[in-house]
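This is my_file23.txt (compact mmCIF, C-alpha atoms).
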# COMPACT_ATOMS: atom_id res chain seq x y z
CA MET A 944 11.13 8.89 -12.26
CA ASN A 945 13.25 10.77 -9.79
CA LYS A 946 10.78 13.07 -8.05
CA GLU A 947 13.47 15.22 -6.50
CA ASN A 948 14.64 16.32 -9.95
CA ILE A 949 11.25 17.31 -11.39
CA ILE A 950 11.33 20.83 -12.72
CA TYR A 951 8.62 22.86 -14.35
CA ASN A 952 8.72 22.98 -18.14
CA GLU A 953 6.36 23.50 -21.06
CA ASP A 954 5.61 19.76 -21.35
CA PHE A 955 3.68 19.61 -18.09
CA SER A 956 2.11 21.82 -15.47
CA LYS A 957 2.25 21.91 -11.69
CA ILE A 958 -0.46 22.54 -9.08
CA GLY A 959 -0.45 22.24 -5.29
CA LEU A 960 -3.33 20.50 -3.50
CA GLY A 961 -4.12 20.18 0.17
CA GLY A 962 -7.15 19.05 2.06
CA GLY A 963 -6.60 15.90 4.00
CA CYS A 964 -3.73 13.72 4.99
CA HIS A 965 -0.95 14.00 2.42
CA TRP A 966 -0.71 10.18 2.31
CA CYS A 967 -4.31 10.05 1.08
CA THR A 968 -3.91 12.93 -1.36
CA GLU A 969 -0.65 11.50 -2.71
CA GLY A 970 -2.23 8.04 -3.18
CA VAL A 971 -5.20 9.45 -5.06
CA PHE A 972 -3.16 11.52 -7.49
CA GLU A 973 -0.45 8.87 -7.96
CA SER A 974 -3.28 6.64 -9.25
CA LEU A 975 -4.28 8.85 -12.18
CA ILE A 976 -3.20 8.90 -15.81
CA GLY A 977 -1.37 11.98 -17.01
CA ILE A 978 0.43 12.48 -13.71
CA LYS A 979 4.18 12.87 -14.16
CA ALA A 980 5.07 13.07 -10.45
CA VAL A 981 3.62 13.80 -7.03
CA ASN A 982 5.72 15.40 -4.30
CA GLN A 983 4.30 14.88 -0.82
CA GLY A 984 4.97 17.19 2.09
CA TRP A 985 4.04 20.63 3.35
CA ILE A 986 3.01 23.71 1.35
CA ALA A 987 2.94 27.29 2.58
CA SER A 988 1.02 30.11 0.95
CA ILE A 989 1.92 33.75 0.70
CA ASP A 990 -1.63 34.58 1.85
CA ASN A 991 -1.44 32.46 5.02
CA ASN A 992 1.60 34.08 6.65
CA ALA A 993 3.69 31.30 5.13
CA GLU A 994 2.17 28.72 7.53
CA SER A 995 2.53 25.23 6.07
CA SER A 996 -0.05 22.48 5.94
CA GLU A 997 -0.03 18.92 4.59
CA ALA A 998 -0.25 18.97 0.80
CA ILE A 999 1.15 17.66 -2.46
CA GLU A 1000 2.63 19.13 -5.60
CA VAL A 1001 1.21 17.47 -8.71
CA TYR A 1002 3.05 17.58 -12.04
CA PHE A 1003 0.64 16.73 -14.85
CA ASP A 1004 0.31 16.57 -18.61
CA GLN A 1005 -2.55 18.90 -19.57
CA SER A 1006 -3.03 17.05 -22.87
CA ILE A 1007 -4.05 13.97 -20.83
CA ILE A 1008 -5.70 15.38 -17.70
CA SER A 1009 -6.98 18.91 -17.26
CA LEU A 1010 -6.66 21.22 -14.29
CA GLN A 1011 -10.47 21.17 -14.04
CA THR A 1012 -10.47 17.38 -13.73
CA LEU A 1013 -7.71 17.47 -11.11
CA ILE A 1014 -9.62 20.02 -9.05
CA GLU A 1015 -12.85 18.05 -9.40
CA ILE A 1016 -11.12 14.88 -8.19
CA HIS A 1017 -9.52 16.81 -5.36
CA LEU A 1018 -12.85 18.23 -4.16
CA HIS A 1019 -14.54 14.81 -4.23
CA THR A 1020 -11.74 12.95 -2.43
CA HIS A 1021 -11.46 15.08 0.70
CA ALA A 1022 -13.88 16.95 2.97
CA SER A 1023 -13.96 20.07 0.78
CA THR A 1024 -17.11 21.39 2.46
CA SER A 1025 -16.15 20.71 6.08
CA ASN A 1026 -14.47 23.35 8.21
CA HIS A 1027 -13.37 20.86 10.89
CA SER A 1028 -11.00 21.44 13.80
CA MET A 1029 -7.94 20.10 11.93
CA ARG A 1030 -8.09 22.61 9.06
CA GLN A 1031 -4.83 24.31 10.05
CA LYS A 1032 -2.93 21.05 9.53
CA TYR A 1033 -5.18 19.90 6.67
CA ARG A 1034 -5.96 23.15 4.84
CA SER A 1035 -8.42 22.64 1.98
CA ALA A 1036 -6.56 24.47 -0.75
CA ILE A 1037 -5.44 24.72 -4.33
CA TYR A 1038 -1.99 26.30 -4.47
CA THR A 1039 -1.34 28.15 -7.71
CA TYR A 1040 1.94 29.16 -9.31
CA ASN A 1041 0.81 32.14 -11.39
CA ASP A 1042 -2.11 34.55 -11.87
CA ALA A 1043 -3.58 32.72 -14.86
CA GLN A 1044 -3.66 29.44 -12.94
CA ASN A 1045 -5.20 31.24 -9.94
CA GLN A 1046 -8.00 32.65 -12.11
CA GLU A 1047 -8.65 29.29 -13.74
CA ALA A 1048 -8.77 27.48 -10.38
CA ASN A 1049 -11.28 30.02 -9.03
CA LYS A 1050 -13.49 29.58 -12.12
CA VAL A 1051 -13.35 25.80 -11.75
CA LEU A 1052 -14.30 26.02 -8.06
CA ASP A 1053 -17.27 28.23 -8.91
CA SER A 1054 -18.40 25.86 -11.67
CA LEU A 1055 -18.20 22.81 -9.38
CA GLN A 1056 -20.14 24.27 -6.45
CA SER A 1057 -23.36 22.80 -7.85
CA ASP A 1058 -21.92 19.27 -7.26
CA PHE A 1059 -22.12 19.84 -3.49
CA ASP A 1060 -24.96 20.43 -1.03
CA LYS A 1061 -22.82 22.66 1.20
CA PRO A 1062 -20.50 25.53 0.26
CA ILE A 1063 -17.00 24.48 -0.82
CA ILE A 1064 -14.48 25.87 1.67
CA THR A 1065 -11.44 25.13 -0.50
CA GLN A 1066 -9.28 28.21 -0.94
CA VAL A 1067 -7.26 29.16 -3.99
CA LEU A 1068 -3.95 30.42 -2.62
CA PRO A 1069 -0.67 31.57 -4.16
CA PHE A 1070 2.13 29.07 -3.61
CA ASP A 1071 5.01 30.21 -1.41
CA SER A 1072 7.15 27.18 -0.55
CA PHE A 1073 7.26 23.39 -0.40
CA LYS A 1074 9.02 21.11 2.06
CA ALA A 1075 9.15 17.41 1.24
CA ASN A 1076 8.23 14.81 3.82
CA LYS A 1077 10.78 12.28 5.07
CA ASP A 1078 11.77 9.67 2.46
CA GLU A 1079 10.33 6.79 4.46
CA LEU A 1080 6.87 8.46 4.38
CA LEU A 1081 6.82 9.12 0.62
CA ASN A 1082 4.78 6.94 -1.77
CA TYR A 1083 3.02 5.62 1.33
CA LEU A 1084 0.15 3.86 -0.44
CA TYR A 1085 2.16 2.06 -3.07
CA LYS A 1086 4.92 0.99 -0.67
CA SER A 1087 2.45 -0.60 1.77
CA PRO A 1088 -1.05 -0.84 0.24
CA ASN A 1089 -2.27 -3.35 2.83
CA LYS A 1090 -1.47 -1.29 5.92
CA PRO A 1091 -4.58 -0.60 8.02
CA PHE A 1092 -4.35 3.15 7.34
CA CYS A 1093 -4.36 2.56 3.57
CA LYS A 1094 -7.26 0.12 3.73
CA THR A 1095 -9.31 2.37 6.00
CA TYR A 1096 -8.69 5.81 4.51
CA ILE A 1097 -7.11 5.60 1.06
CA HIS A 1098 -8.79 2.55 -0.50
CA PRO A 1099 -12.30 4.10 -0.26
CA LYS A 1100 -10.99 7.14 -2.17
CA LEU A 1101 -9.54 4.84 -4.84
CA ARG A 1102 -12.89 3.05 -5.16
CA LEU A 1103 -14.51 6.46 -5.65
CA LEU A 1104 -12.01 7.14 -8.45
CA LEU A 1105 -12.95 3.84 -10.10
CA THR A 1106 -16.65 4.67 -10.05
CA ARG A 1107 -16.78 8.43 -10.61
CA PHE A 1108 -13.51 9.10 -12.50
CA LYS A 1109 -12.77 5.74 -14.15
CA HIS A 1110 -11.45 7.31 -17.37
CA GLN A 1111 -8.73 9.14 -15.41
CA VAL A 1112 -7.54 6.11 -13.44
CA ASN A 1113 -4.27 4.31 -14.15
CA ASP A 1114 -5.79 0.81 -14.03
CA GLU A 1115 -2.46 -1.03 -13.90
CA LYS A 1116 -1.20 1.03 -11.01
CA ILE A 1117 -4.41 1.02 -8.96
CA ALA A 1118 -4.66 -2.77 -9.34
CA LEU A 1119 -1.43 -3.02 -7.32
CA CYS A 1120 -3.17 -1.88 -4.16
CA LEU A 1121 -6.86 -2.83 -4.44
CA GLU A 1122 -7.88 -6.44 -4.04

Show me, as structure tokens, the structure contained in the file I just sent.
Amino acid sequence: MNKENIIYNEDFSKIGLGGGCHWCTEGVFESLIGIKAVNQGWIASIDNNAESSEAIEVYFDQSIISLQTLIEIHLHTHASTSNHSMRQKYRSAIYTYNDAQNQEANKVLDSLQSDFDKPIITQVLPFDSFKANKDELLNYLYKSPNKPFCKTYIHPKLRLLLTRFKHQVNDEKIALCLE
């Protein structure tokens, strides 16, 4: 699939997610069923003075994977309760594309708070703009699954998917990078 030509239509939805390194976030969401495409780069929000942070755009089929499931996976695969010093670059956020999606994302966040011991710091923000990363940095995990960065930071997240979210995992794809 040509990611550059993905456009929104009634067959699938789009959500923006940020929280950690976009290589990690991209690898996690590329490994799920129901995902049509993942664009990796930088997202700015209207509410944050259009300052960008590392994030992904996820195009998904709601008949296969719900927004609630995507948000739940997102919260469990990055430090969604940690307000660390790198939050400007790695904003913990759900970027929404309309008011209905914004309301749904806020409800999902509220419903998932009980899964965590600390307050979730993830913000629901209106999407403003997206800038793709350089081509050579896209699809980082699946181009080079054995690089030290992938083994150290992304593989543990994939193992979490296999234990906690096994019904959402694309087994054939994830087998390409986990030994």

Quick one, how far is CA of Val1067 (chain A) from CA of Leu1101 (chain A)?
24.4 Å

Closest contacts (region 1065-1118 of chain A/region 975-981 of chain A, max 10 Å, all atoms listed in the file) as CSV:
residue,atom,partner,partner_atom,distance
A:Leu1081,CA,A:Val981,CA,9.5
A:Asn1082,CA,A:Val981,CA,8.7
A:Leu1101,CA,A:Leu975,CA,9.9
A:Leu1104,CA,A:Leu975,CA,8.8
A:Phe1108,CA,A:Leu975,CA,9.2
A:Lys1109,CA,A:Leu975,CA,9.3
A:His1110,CA,A:Ile976,CA,8.5
A:Gln1111,CA,A:Leu975,CA,5.5
A:Val1112,CA,A:Leu975,CA,4.4
A:Asn1113,CA,A:Leu975,CA,4.9
A:Asp1114,CA,A:Leu975,CA,8.4
A:Lys1116,CA,A:Leu975,CA,8.5
A:Ile1117,CA,A:Leu975,CA,8.5

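The spacing separating CA of Glu1079 (chain A) from CA of Ser956 (chain A) amounts to 26.3 Å.
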
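Nearest residue to Pro1099 (chain A), choosing from A:Leu1121, A:Leu1080, A:Asn1045, A:Trp966 and counting all atoms listed in the file: A:Leu1121.
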
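Interatomic distance, CA of His1021 (chain A) to CA of Ile986 (chain A): 16.9 Å.
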
Identify, on the basis of all atoms listed in the file, every residue whose closest approach to Gly962 (chain A) does not exceed 9 Å; exclude the query and any residue fewer than 2 positions from it along the same chain; express the result as a ChimeraX atom specification.
/A:960,964-965,968,996-998,1017-1018,1020-1023,1030,1032-1037,1065

From (-12.7, 24.7, -13.8), in the file's coordinates, out to 8 Å: which residues are reached, counting all atoms listed in the file? Answer as a ChimeraX atom specification.
/A:1010-1012,1014-1015,1047-1055

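With all atoms listed in the file as the atoms that count, the minimum distance from Gln1044 (chain A) to the choices A:Asp1060, A:His1027, A:Pro1069, A:Asp1004 is reached by A:Pro1069.
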
Completed region 1074-1090 of chain A (N, CA and C atoms) as an mmCIF file, keeping the file's coordinate frame:
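Output file out-v6.cif is given in full below:
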data_model
loop_
_atom_site.group_PDB
_atom_site.id
_atom_site.type_symbol
_atom_site.label_atom_id
_atom_site.label_comp_id
_atom_site.auth_asym_id
_atom_site.auth_seq_id
_atom_site.Cartn_x
_atom_site.Cartn_y
_atom_site.Cartn_z
ATOM 1 N N LYS A 1074 8.039 21.900 1.324
ATOM 2 C CA LYS A 1074 9.020 21.110 2.060
ATOM 3 C C LYS A 1074 8.595 19.652 1.971
ATOM 4 N N ALA A 1075 9.459 18.825 1.411
ATOM 5 C CA ALA A 1075 9.150 17.410 1.240
ATOM 6 C C ALA A 1075 9.117 16.684 2.576
ATOM 7 N N ASN A 1076 8.291 15.668 2.642
ATOM 8 C CA ASN A 1076 8.230 14.810 3.820
ATOM 9 C C ASN A 1076 9.467 13.910 3.834
ATOM 10 N N LYS A 1077 9.670 13.214 4.936
ATOM 11 C CA LYS A 1077 10.780 12.280 5.070
ATOM 12 C C LYS A 1077 10.645 11.163 4.027
ATOM 13 N N ASP A 1078 11.773 10.704 3.508
ATOM 14 C CA ASP A 1078 11.770 9.670 2.460
ATOM 15 C C ASP A 1078 10.945 8.447 2.829
ATOM 16 N N GLU A 1079 11.032 8.010 4.071
ATOM 17 C CA GLU A 1079 10.330 6.790 4.460
ATOM 18 C C GLU A 1079 8.805 6.953 4.460
ATOM 19 N N LEU A 1080 8.311 8.207 4.388
ATOM 20 C CA LEU A 1080 6.870 8.460 4.380
ATOM 21 C C LEU A 1080 6.335 8.781 2.981
ATOM 22 N N LEU A 1081 7.230 8.827 1.997
ATOM 23 C CA LEU A 1081 6.820 9.120 0.620
ATOM 24 C C LEU A 1081 6.289 7.859 -0.051
ATOM 25 N N ASN A 1082 5.389 8.046 -1.020
ATOM 26 C CA ASN A 1082 4.780 6.940 -1.770
ATOM 27 C C ASN A 1082 4.163 5.920 -0.808
ATOM 28 N N TYR A 1083 3.532 6.427 0.222
ATOM 29 C CA TYR A 1083 3.020 5.620 1.330
ATOM 30 C C TYR A 1083 2.084 4.513 0.861
ATOM 31 N N LEU A 1084 1.112 4.850 0.023
ATOM 32 C CA LEU A 1084 0.150 3.860 -0.440
ATOM 33 C C LEU A 1084 0.810 2.742 -1.222
ATOM 34 N N TYR A 1085 1.606 3.080 -2.187
ATOM 35 C CA TYR A 1085 2.160 2.060 -3.070
ATOM 36 C C TYR A 1085 3.319 1.281 -2.469
ATOM 37 N N LYS A 1086 3.910 1.777 -1.398
ATOM 38 C CA LYS A 1086 4.920 0.990 -0.670
ATOM 39 C C LYS A 1086 4.256 -0.051 0.220
ATOM 40 N N SER A 1087 3.113 0.287 0.793
ATOM 41 C CA SER A 1087 2.450 -0.600 1.770
ATOM 42 C C SER A 1087 0.934 -0.531 1.620
ATOM 43 N N PRO A 1088 0.388 -1.002 0.489
ATOM 44 C CA PRO A 1088 -1.050 -0.840 0.240
ATOM 45 C C PRO A 1088 -1.964 -1.591 1.209
ATOM 46 N N ASN A 1089 -1.428 -2.561 1.918
ATOM 47 C CA ASN A 1089 -2.270 -3.350 2.830
ATOM 48 C C ASN A 1089 -2.193 -2.904 4.282
ATOM 49 N N LYS A 1090 -1.488 -1.813 4.545
ATOM 50 C CA LYS A 1090 -1.470 -1.290 5.920
ATOM 51 C C LYS A 1090 -2.884 -0.858 6.305
#
